[in-house]
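structure-v1.cif follows; it contains mmCIF, C-alpha atoms.
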```
data_data
#
loop_
_atom_site.group_PDB
_atom_site.id
_atom_site.type_symbol
_atom_site.label_atom_id
_atom_site.label_comp_id
_atom_site.auth_asym_id
_atom_site.auth_seq_id
_atom_site.Cartn_x
_atom_site.Cartn_y
_atom_site.Cartn_z
ATOM 1 C CA MET A 1 17.397 -17.959 4.061
ATOM 2 C CA ALA A 2 16.377 -14.391 3.383
ATOM 3 C CA SER A 3 12.960 -14.736 5.010
ATOM 4 C CA ARG A 4 14.436 -16.002 8.275
ATOM 5 C CA SER A 5 16.775 -12.995 8.445
ATOM 6 C CA VAL A 6 13.811 -10.692 7.912
ATOM 7 C CA PHE A 7 12.002 -12.449 10.760
ATOM 8 C CA ARG A 8 14.936 -12.060 13.139
ATOM 9 C CA SER A 9 15.577 -8.413 12.282
ATOM 10 C CA LEU A 10 11.968 -7.456 12.910
ATOM 11 C CA LEU A 11 11.895 -9.174 16.272
ATOM 12 C CA ARG A 12 15.076 -7.334 17.294
ATOM 13 C CA ALA A 13 13.922 -3.949 16.016
ATOM 14 C CA SER A 14 13.262 -1.298 18.616
ATOM 15 C CA LYS A 15 10.287 1.019 18.322
ATOM 16 C CA LEU A 16 10.896 3.808 15.824
ATOM 17 C CA PRO A 17 9.625 7.334 16.550
ATOM 18 C CA SER A 18 6.757 8.828 14.599
ATOM 19 C CA LEU A 19 7.676 11.367 11.951
ATOM 20 C CA PRO A 20 6.795 14.929 12.942
ATOM 21 C CA THR A 21 4.846 17.007 10.462
ATOM 22 C CA ARG A 22 1.415 18.367 9.719
ATOM 23 C CA ALA A 23 1.065 17.591 6.075
ATOM 24 C CA PRO A 24 -2.084 16.099 4.633
ATOM 25 C CA ARG A 25 -2.399 12.737 2.995
ATOM 26 C CA CYS A 26 -3.387 11.539 -0.412
ATOM 27 C CA PHE A 27 -1.786 8.809 -2.328
ATOM 28 C CA SER A 28 -3.997 6.347 -4.024
ATOM 29 C CA ASN A 29 -6.535 5.997 -6.671
ATOM 30 C CA SER A 30 -10.222 5.688 -7.487
ATOM 31 C CA THR A 31 -12.956 7.708 -9.241
ATOM 32 C CA ARG A 32 -16.676 7.798 -9.734
ATOM 33 C CA LEU A 33 -18.201 6.766 -13.021
ATOM 34 C CA ALA A 34 -20.210 9.480 -14.659
ATOM 35 C CA GLU A 35 -23.328 7.364 -14.916
ATOM 36 C CA SER A 36 -25.530 6.657 -11.931
ATOM 37 C CA PRO A 37 -24.469 3.490 -10.082
ATOM 38 C CA ALA A 38 -26.652 0.443 -10.203
ATOM 39 C CA GLN A 39 -28.598 -0.243 -7.029
ATOM 40 C CA PRO A 40 -27.638 -3.548 -5.382
ATOM 41 C CA SER A 41 -30.332 -6.196 -5.207
ATOM 42 C CA ASN A 42 -31.380 -7.786 -1.934
ATOM 43 C CA HIS A 43 -29.239 -10.869 -2.602
ATOM 44 C CA GLU A 44 -26.126 -9.137 -3.964
ATOM 45 C CA ARG A 45 -22.947 -8.840 -1.869
ATOM 46 C CA THR A 46 -22.081 -5.200 -1.320
ATOM 47 C CA THR A 47 -19.083 -3.130 -0.272
ATOM 48 C CA HIS A 48 -18.211 0.544 -0.039
ATOM 49 C CA PHE A 49 -16.885 2.819 -2.751
ATOM 50 C CA GLY A 50 -16.014 5.853 -0.691
ATOM 51 C CA PHE A 51 -19.222 6.633 1.192
ATOM 52 C CA GLU A 52 -21.397 4.817 -1.349
ATOM 53 C CA THR A 53 -22.630 1.245 -0.997
ATOM 54 C CA VAL A 54 -22.159 -0.620 -4.267
ATOM 55 C CA PRO A 55 -22.250 -4.244 -5.469
ATOM 56 C CA GLU A 56 -18.890 -5.961 -5.003
ATOM 57 C CA ALA A 57 -18.756 -6.712 -8.724
ATOM 58 C CA GLU A 58 -19.024 -2.995 -9.499
ATOM 59 C CA LYS A 59 -16.336 -1.674 -7.158
ATOM 60 C CA GLU A 60 -13.417 -3.167 -9.071
ATOM 61 C CA SER A 61 -14.398 -1.450 -12.316
ATOM 62 C CA ARG A 62 -15.004 1.882 -10.599
ATOM 63 C CA VAL A 63 -11.655 1.763 -8.824
ATOM 64 C CA ALA A 64 -10.039 0.858 -12.146
ATOM 65 C CA GLY A 65 -11.567 3.991 -13.622
ATOM 66 C CA VAL A 66 -9.968 6.093 -10.929
ATOM 67 C CA PHE A 67 -6.499 4.669 -11.419
ATOM 68 C CA SER A 68 -6.739 5.108 -15.169
ATOM 69 C CA ASN A 69 -7.771 8.731 -14.727
ATOM 70 C CA VAL A 70 -5.036 9.711 -12.290
ATOM 71 C CA ALA A 71 -2.102 7.552 -13.455
ATOM 72 C CA ALA A 72 -0.112 10.274 -15.209
ATOM 73 C CA SER A 73 -0.617 12.948 -12.532
ATOM 74 C CA TYR A 74 -0.629 10.627 -9.525
ATOM 75 C CA ASP A 75 2.718 11.472 -7.888
ATOM 76 C CA THR A 76 2.561 15.153 -8.834
ATOM 77 C CA MET A 77 -0.792 15.353 -7.129
ATOM 78 C CA ASN A 78 0.558 13.613 -4.034
ATOM 79 C CA ASP A 79 3.535 15.966 -3.824
ATOM 80 C CA PHE A 80 1.370 19.037 -4.147
ATOM 81 C CA MET A 81 -1.192 17.984 -1.552
ATOM 82 C CA SER A 82 1.273 16.549 0.996
ATOM 83 C CA LEU A 83 4.101 19.047 0.565
ATOM 84 C CA GLY A 84 6.241 16.011 -0.192
ATOM 85 C CA ILE A 85 5.708 14.228 3.120
ATOM 86 C CA HIS A 86 4.637 10.993 1.418
ATOM 87 C CA ARG A 87 8.212 10.645 0.174
ATOM 88 C CA LEU A 88 9.506 10.725 3.761
ATOM 89 C CA TRP A 89 6.945 8.117 4.773
ATOM 90 C CA LYS A 90 8.004 5.854 1.917
ATOM 91 C CA ASP A 91 11.706 6.277 2.687
ATOM 92 C CA HIS A 92 11.074 5.399 6.334
ATOM 93 C CA PHE A 93 8.924 2.423 5.326
ATOM 94 C CA VAL A 94 11.724 0.962 3.184
ATOM 95 C CA ARG A 95 14.419 1.588 5.803
ATOM 96 C CA SER A 96 12.313 -0.191 8.416
ATOM 97 C CA LEU A 97 12.204 -3.284 6.159
ATOM 98 C CA ASN A 98 15.940 -3.231 5.364
ATOM 99 C CA PRO A 99 15.556 -5.229 2.125
ATOM 100 C CA GLY A 100 18.467 -7.399 1.067
ATOM 101 C CA SER A 101 19.881 -7.724 4.581
ATOM 102 C CA SER A 102 21.886 -10.865 5.414
ATOM 103 C CA SER A 103 22.516 -11.527 1.749
ATOM 104 C CA THR A 104 25.755 -11.095 -0.203
ATOM 105 C CA GLY A 105 26.706 -10.825 -3.807
ATOM 106 C CA ASN A 106 27.248 -14.596 -3.891
ATOM 107 C CA SER A 107 24.059 -15.641 -2.082
ATOM 108 C CA PRO A 108 20.436 -15.546 -3.173
ATOM 109 C CA GLY A 109 18.905 -12.152 -2.644
ATOM 110 C CA TRP A 110 15.404 -11.329 -1.542
ATOM 111 C CA LYS A 111 12.458 -12.083 -3.761
ATOM 112 C CA MET A 112 10.070 -9.165 -3.294
ATOM 113 C CA LEU A 113 6.533 -8.449 -4.450
ATOM 114 C CA ASP A 114 5.108 -4.918 -4.459
ATOM 115 C CA ILE A 115 1.322 -5.011 -4.759
ATOM 116 C CA ALA A 116 -0.650 -2.058 -6.141
ATOM 117 C CA GLY A 117 2.843 -0.844 -7.003
ATOM 118 C CA GLY A 118 1.838 1.008 -10.153
ATOM 119 C CA THR A 119 4.298 3.859 -10.566
ATOM 120 C CA GLY A 120 7.188 1.993 -8.936
ATOM 121 C CA ASP A 121 7.746 4.444 -6.090
ATOM 122 C CA ILE A 122 8.206 1.733 -3.465
ATOM 123 C CA ALA A 123 9.782 -0.907 -5.707
ATOM 124 C CA PHE A 124 12.622 1.317 -6.913
ATOM 125 C CA ARG A 125 13.376 2.332 -3.313
ATOM 126 C CA LEU A 126 13.467 -1.322 -2.236
ATOM 127 C CA LEU A 127 15.912 -2.250 -4.994
ATOM 128 C CA ASP A 128 18.082 0.808 -4.286
ATOM 129 C CA HIS A 129 18.296 -0.087 -0.605
ATOM 130 C CA ALA A 130 19.052 -3.758 -1.274
ATOM 131 C CA THR A 131 21.763 -2.825 -3.776
ATOM 132 C CA ASN A 132 23.416 0.214 -2.215
ATOM 133 C CA ILE A 133 22.977 -0.449 1.511
ATOM 134 C CA ASN A 134 23.052 -4.248 1.737
ATOM 135 C CA ASN A 135 25.123 -5.142 -1.318
ATOM 136 C CA SER A 136 22.473 -7.512 -2.633
ATOM 137 C CA PRO A 137 22.565 -7.236 -6.438
ATOM 138 C CA SER A 138 20.626 -10.483 -6.746
ATOM 139 C CA SER A 139 17.525 -9.207 -4.931
ATOM 140 C CA THR A 140 14.550 -8.916 -7.295
ATOM 141 C CA ILE A 141 11.085 -7.378 -7.271
ATOM 142 C CA THR A 142 7.841 -7.813 -9.147
ATOM 143 C CA ILE A 143 5.573 -4.779 -9.370
ATOM 144 C CA SER A 144 1.976 -5.956 -9.527
ATOM 145 C CA ASP A 145 -1.077 -3.822 -10.163
ATOM 146 C CA ILE A 146 -4.593 -4.546 -11.347
ATOM 147 C CA ASN A 147 -4.518 -1.464 -13.552
ATOM 148 C CA PRO A 148 -2.483 -1.550 -16.796
ATOM 149 C CA SER A 149 -2.368 2.275 -16.972
ATOM 150 C CA MET A 150 -0.584 2.474 -13.632
ATOM 151 C CA LEU A 151 1.857 -0.265 -14.641
ATOM 152 C CA ALA A 152 2.546 1.522 -17.918
ATOM 153 C CA GLU A 153 3.499 4.604 -15.896
ATOM 154 C CA GLY A 154 5.810 2.477 -13.760
ATOM 155 C CA LYS A 155 7.479 0.940 -16.807
ATOM 156 C CA LYS A 156 8.055 4.405 -18.244
ATOM 157 C CA ARG A 157 9.621 5.606 -15.003
ATOM 158 C CA SER A 158 11.799 2.525 -14.731
ATOM 159 C CA LEU A 159 13.650 3.676 -17.851
ATOM 160 C CA ALA A 160 15.296 6.356 -15.703
ATOM 161 C CA THR A 161 16.705 3.678 -13.363
ATOM 162 C CA SER A 162 19.440 1.081 -13.735
ATOM 163 C CA TYR A 163 16.843 -1.690 -13.366
ATOM 164 C CA ALA A 164 15.047 -1.163 -16.667
ATOM 165 C CA ASN A 165 14.962 -4.264 -18.840
ATOM 166 C CA SER A 166 16.937 -6.230 -16.244
ATOM 167 C CA PRO A 167 15.950 -9.553 -14.637
ATOM 168 C CA ARG A 168 15.773 -7.779 -11.267
ATOM 169 C CA LEU A 169 12.551 -5.953 -12.165
ATOM 170 C CA SER A 170 9.339 -7.374 -13.614
ATOM 171 C CA PHE A 171 5.746 -6.214 -13.988
ATOM 172 C CA LEU A 172 2.554 -8.180 -13.503
ATOM 173 C CA VAL A 173 -1.070 -7.255 -14.141
ATOM 174 C CA ALA A 174 -2.924 -9.094 -11.392
ATOM 175 C CA ASN A 175 -5.667 -8.796 -8.810
ATOM 176 C CA ALA A 176 -4.222 -8.902 -5.276
ATOM 177 C CA GLU A 177 -7.163 -11.068 -4.224
ATOM 178 C CA ASP A 178 -6.206 -13.814 -6.700
ATOM 179 C CA LEU A 179 -2.459 -14.110 -7.337
ATOM 180 C CA THR A 180 -2.705 -17.423 -9.166
ATOM 181 C CA THR A 181 0.478 -16.853 -11.186
ATOM 182 C CA ILE A 182 2.602 -16.574 -8.027
ATOM 183 C CA GLU A 183 3.641 -19.802 -6.322
ATOM 184 C CA SER A 184 2.888 -20.474 -2.681
ATOM 185 C CA ASN A 185 5.777 -19.984 -0.230
ATOM 186 C CA SER A 186 7.882 -18.170 -2.825
ATOM 187 C CA VAL A 187 8.202 -14.525 -1.668
ATOM 188 C CA ASP A 188 10.440 -13.039 1.060
ATOM 189 C CA LEU A 189 8.770 -9.627 1.280
ATOM 190 C CA TYR A 190 5.262 -8.514 0.270
ATOM 191 C CA THR A 191 4.634 -4.762 0.295
ATOM 192 C CA VAL A 192 1.565 -2.677 -0.404
ATOM 193 C CA ALA A 193 1.602 1.118 -0.030
ATOM 194 C CA PHE A 194 -1.498 3.286 -0.254
ATOM 195 C CA GLY A 195 -3.368 0.623 -2.152
ATOM 196 C CA ILE A 196 -5.046 -1.924 0.087
ATOM 197 C CA ARG A 197 -7.912 0.367 1.054
ATOM 198 C CA ASN A 198 -9.090 0.199 -2.563
ATOM 199 C CA PHE A 199 -9.343 -3.603 -2.561
ATOM 200 C CA THR A 200 -12.841 -5.054 -2.700
ATOM 201 C CA ASN A 201 -12.101 -7.947 -0.330
ATOM 202 C CA LYS A 202 -9.225 -7.029 1.964
ATOM 203 C CA GLU A 203 -9.456 -10.258 3.954
ATOM 204 C CA LYS A 204 -9.028 -12.308 0.784
ATOM 205 C CA ALA A 205 -6.031 -10.206 -0.260
ATOM 206 C CA LEU A 206 -4.427 -10.768 3.156
ATOM 207 C CA ARG A 207 -4.919 -14.519 2.805
ATOM 208 C CA GLU A 208 -3.263 -14.410 -0.615
ATOM 209 C CA ALA A 209 -0.347 -12.457 0.863
ATOM 210 C CA TYR A 210 0.018 -15.177 3.497
ATOM 211 C CA ARG A 211 -0.074 -17.908 0.851
ATOM 212 C CA VAL A 212 2.640 -16.484 -1.408
ATOM 213 C CA LEU A 213 5.051 -15.573 1.399
ATOM 214 C CA LYS A 214 7.709 -18.020 2.528
ATOM 215 C CA PRO A 215 7.679 -19.081 6.189
ATOM 216 C CA GLY A 216 9.439 -16.205 7.941
ATOM 217 C CA GLY A 217 8.463 -13.838 5.126
ATOM 218 C CA VAL A 218 7.075 -10.405 5.895
ATOM 219 C CA PHE A 219 3.852 -8.641 4.951
ATOM 220 C CA ALA A 220 4.311 -4.852 5.151
ATOM 221 C CA CYS A 221 1.631 -2.247 4.526
ATOM 222 C CA LEU A 222 1.876 1.549 4.458
ATOM 223 C CA GLU A 223 -1.593 3.084 4.476
ATOM 224 C CA PHE A 224 -3.615 6.056 5.683
ATOM 225 C CA SER A 225 -5.006 5.432 9.115
ATOM 226 C CA GLY A 226 -6.652 7.083 12.128
ATOM 227 C CA VAL A 227 -5.345 10.408 13.452
ATOM 228 C CA THR A 228 -4.672 9.961 17.155
ATOM 229 C CA ASN A 229 -5.323 13.538 18.359
ATOM 230 C CA SER A 230 -8.982 14.601 18.241
ATOM 231 C CA LEU A 231 -8.276 18.293 17.575
ATOM 232 C CA PHE A 232 -5.768 17.503 14.840
ATOM 233 C CA ASP A 233 -8.215 14.967 13.414
ATOM 234 C CA ALA A 234 -10.972 17.593 13.142
ATOM 235 C CA VAL A 235 -8.656 20.065 11.404
ATOM 236 C CA TYR A 236 -7.316 17.362 9.129
ATOM 237 C CA LYS A 237 -10.773 16.177 8.074
ATOM 238 C CA ARG A 238 -11.826 19.735 7.277
ATOM 239 C CA TRP A 239 -8.748 20.133 5.092
ATOM 240 C CA SER A 240 -9.249 16.755 3.444
ATOM 241 C CA PHE A 241 -12.875 17.205 2.454
ATOM 242 C CA SER A 242 -12.665 20.853 1.441
ATOM 243 C CA ALA A 243 -9.212 21.276 -0.100
ATOM 244 C CA ILE A 244 -8.163 17.949 -1.605
ATOM 245 C CA PRO A 245 -11.074 17.541 -4.077
ATOM 246 C CA LEU A 246 -10.604 21.163 -5.122
ATOM 247 C CA ILE A 247 -6.890 20.617 -5.708
ATOM 248 C CA GLY A 248 -7.794 17.530 -7.728
ATOM 249 C CA GLN A 249 -10.028 19.668 -9.907
ATOM 250 C CA LEU A 250 -7.403 22.389 -10.396
ATOM 251 C CA VAL A 251 -4.316 20.208 -10.871
ATOM 252 C CA ALA A 252 -5.688 17.039 -12.469
ATOM 253 C CA GLY A 253 -9.060 18.216 -13.786
ATOM 254 C CA ASP A 254 -10.697 15.433 -11.799
ATOM 255 C CA ARG A 255 -12.576 16.342 -8.634
ATOM 256 C CA ALA A 256 -14.526 13.083 -8.378
ATOM 257 C CA SER A 257 -11.454 10.834 -8.158
ATOM 258 C CA TYR A 258 -10.017 12.795 -5.268
ATOM 259 C CA GLN A 259 -13.354 13.067 -3.508
ATOM 260 C CA TYR A 260 -13.417 9.275 -3.567
ATOM 261 C CA LEU A 261 -9.839 9.266 -2.300
ATOM 262 C CA VAL A 262 -10.752 11.246 0.804
ATOM 263 C CA GLU A 263 -13.820 9.120 1.462
ATOM 264 C CA SER A 264 -11.872 5.856 1.043
ATOM 265 C CA ILE A 265 -9.402 6.970 3.704
ATOM 266 C CA GLN A 266 -12.224 7.534 6.174
ATOM 267 C CA LYS A 267 -13.723 4.108 5.438
ATOM 268 C CA PHE A 268 -10.467 2.181 5.878
ATOM 269 C CA PRO A 269 -10.184 0.217 9.163
ATOM 270 C CA LYS A 270 -8.360 2.018 11.940
ATOM 271 C CA GLN A 271 -5.092 0.731 13.381
ATOM 272 C CA GLU A 272 -6.367 -1.855 15.862
ATOM 273 C CA GLU A 273 -8.959 -3.284 13.511
ATOM 274 C CA PHE A 274 -6.531 -3.660 10.623
ATOM 275 C CA ARG A 275 -3.947 -5.272 12.906
ATOM 276 C CA ASP A 276 -6.547 -7.829 13.926
ATOM 277 C CA MET A 277 -7.377 -8.514 10.268
ATOM 278 C CA ILE A 278 -3.692 -9.265 9.659
ATOM 279 C CA LYS A 279 -3.625 -11.630 12.642
ATOM 280 C CA ASP A 280 -6.812 -13.342 11.463
ATOM 281 C CA ALA A 281 -5.081 -14.102 8.147
ATOM 282 C CA GLY A 282 -2.518 -16.150 10.079
ATOM 283 C CA PHE A 283 0.317 -13.668 10.575
ATOM 284 C CA LEU A 284 2.269 -12.982 13.727
ATOM 285 C CA VAL A 285 2.488 -9.253 14.447
ATOM 286 C CA PRO A 286 5.593 -7.756 16.101
ATOM 287 C CA GLY A 287 4.946 -5.481 19.083
ATOM 288 C CA LYS A 288 1.578 -3.760 18.997
ATOM 289 C CA GLY A 289 1.352 -4.425 15.267
ATOM 290 C CA TRP A 290 1.702 -0.981 13.757
ATOM 291 C CA GLU A 291 3.680 2.272 13.804
ATOM 292 C CA ASP A 292 1.914 5.610 13.503
ATOM 293 C CA LEU A 293 3.374 8.253 11.199
ATOM 294 C CA THR A 294 2.630 11.958 11.560
ATOM 295 C CA GLY A 295 0.142 11.522 14.357
ATOM 296 C CA GLY A 296 -1.612 8.578 12.726
ATOM 297 C CA ILE A 297 -2.316 10.169 9.350
ATOM 298 C CA ALA A 298 -0.558 7.093 8.017
ATOM 299 C CA ALA A 299 0.593 3.878 9.666
ATOM 300 C CA ILE A 300 2.924 0.992 8.917
ATOM 301 C CA HIS A 301 1.554 -2.480 9.643
ATOM 302 C CA LYS A 302 3.662 -5.640 9.545
ATOM 303 C CA GLY A 303 2.948 -9.326 9.815
ATOM 304 C CA ILE A 304 5.297 -12.315 9.772
ATOM 305 C CA LYS A 305 4.351 -15.709 8.360
ATOM 306 C CA PRO A 306 5.239 -18.221 11.088
ATOM 307 C CA ILE A 307 8.152 -20.573 10.543
ATOM 308 C CA GLU A 308 6.956 -24.143 10.798
ATOM 309 C CA LYS A 309 8.629 -26.156 13.497
ATOM 310 C CA PRO A 310 10.402 -29.325 12.271
#
```
Could you rewrite the structure in this file as structure tokens?
Amino acid sequence: MASRSVFRSLLRASKLPSLPTRAPRCFSNSTRLAESPAQPSNHERTTHFGFETVPEAEKESRVAGVFSNVAASYDTMNDFMSLGIHRLWKDHFVRSLNPGSSSTGNSPGWKMLDIAGGTGDIAFRLLDHATNINNSPSSTITISDINPSMLAEGKKRSLATSYANSPRLSFLVANAEDLTTIESNSVDLYTVAFGIRNFTNKEKALREAYRVLKPGGVFACLEFSGVTNSLFDAVYKRWSFSAIPLIGQLVAGDRASYQYLVESIQKFPKQEEFRDMIKDAGFLVPGKGWEDLTGGIAAIHKGIKPIEKP
């Protein structure tokens, strides 16, 4: 079973070194609406949208506005602001998961789900690795995103791959907090890269990830995190809040979306807290539960759905 092989490989894996570099981060989506936000009532559940406190019902639409605004320029913007380092992070993320391992051309491949996968950056890498490294032409992936504009960009980019219009690649408009169209215990690998910090209810999304994964299946998240060196952190924050919104204005004509982006990174739980959220959802976490990249600018978190004893 593919999920059991994933489970065993993660338990055997030795600690990988952090990637050295000083590049800044920025790879997700969300923008402010032009109109003034509604003030939450005393009885309304609230959450954060960057540094703002907004009603939960409002955050989803505001995040959707961001993704729609930045869809076409999303990866170009990331390249420019990170000097390409996000591509190294993503490559390392996929290698650490080793998709398609322990499967052959005659056996069932991995069934993978890439959440907030929009432009297909992670999904295409996963399929390439499964096919070219592990000889698993039967491994498949569904790219799911709540935003149709981001999925449209991914579909367009898929035309430059060998997976376009094949049964190995599918697209799904869905909210990660309510994956009703995906069966329980049906997925070998669930990935989310630079997306979960935009979710309104992260705990609910983690529970849904647990539900859809097979026993032995793996939850894997690549996300911005907490810089571990205080001096580097101070320099990095100065860069983030001064330069990134300005670059957003110059390159994408959208300062507000990238201002939100920087704020959302600061509001996302740091490494230990997010690890504990994953454990609270029911997952087992290998080792300390995360791997820092580039001094903690980003981190990889993994959780394994326990295999039920007979």
For this session: Kindly give the distance, in Å, that separates atom CA of Lys155 of chain A and atom CA of Asp114 of chain A, rounded to a single decimal.
Result: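 Atom-to-atom, atom CA of Lys155 of chain A to atom CA of Asp114 of chain A, that is 13.9 Å.
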Problem set entry | Selected residue, from A:Tyr236, A:Tyr74, A:Phe219, A:Phe199, that lies nearest to Val262 of chain A when counting only C-alpha atoms |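 Going through A:Tyr236, A:Tyr74, A:Phe219, A:Phe199 one by one, the smallest distance to Val262 of chain A is for A:Tyr236.
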For this session: Taking the file above as input, evaluate the PyMOL selection byres ((chain A and resi 128) around 10) and report the hits as JSON, numbers by chain.
Result: {"A": [94, 99, 100, 122, 123, 124, 125, 126, 127, 129, 130, 131, 132, 133, 134, 135, 136, 137, 161, 162, 163]}
For this session: Go through A:Ile297, A:Gln271, A:Ser242, A:Ser138 one by one, measure the shortest atom-to-atom distance of each to Pro108 of chain A using all atoms listed in the file, and give the residue with the smallest value.
Result: A:Ser138
Exercise. Distance atom CA of Gly195 of chain A-atom CA of Ala116 of chain A, one decimal place?
Worked result: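 Between atom CA of Gly195 of chain A and atom CA of Ala116 of chain A the gap is 5.5 Å.
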Exercise. Taking all atoms listed in the file into account, which of A:Asp121, A:Glu203, A:Asp79, A:Asp254 comes nearest Thr191 of chain A?
Worked result: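 For Thr191 of chain A, the nearest of the candidates is A:Asp121.
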For this session: Provide the atom CA of Ser186 of chain A to atom CA of Pro148 of chain A distance in Å, to one decimal place.
Result: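 Atom-to-atom, atom CA of Ser186 of chain A and atom CA of Pro148 of chain A are spaced 24.1 Å apart.
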Problem set entry | Reference answer for the PyMOL selection byres ((chain A and resi 150) around 6), as a PyMOL selection string | chain A and resi 71+118-119+147-149+151-153
Exercise. Residues picked by the PyMOL selection byres ((chain A and resi 169) around 8) here, as a ChimeraX atom specification?
Worked result: /A:140-143,163-168,170-171
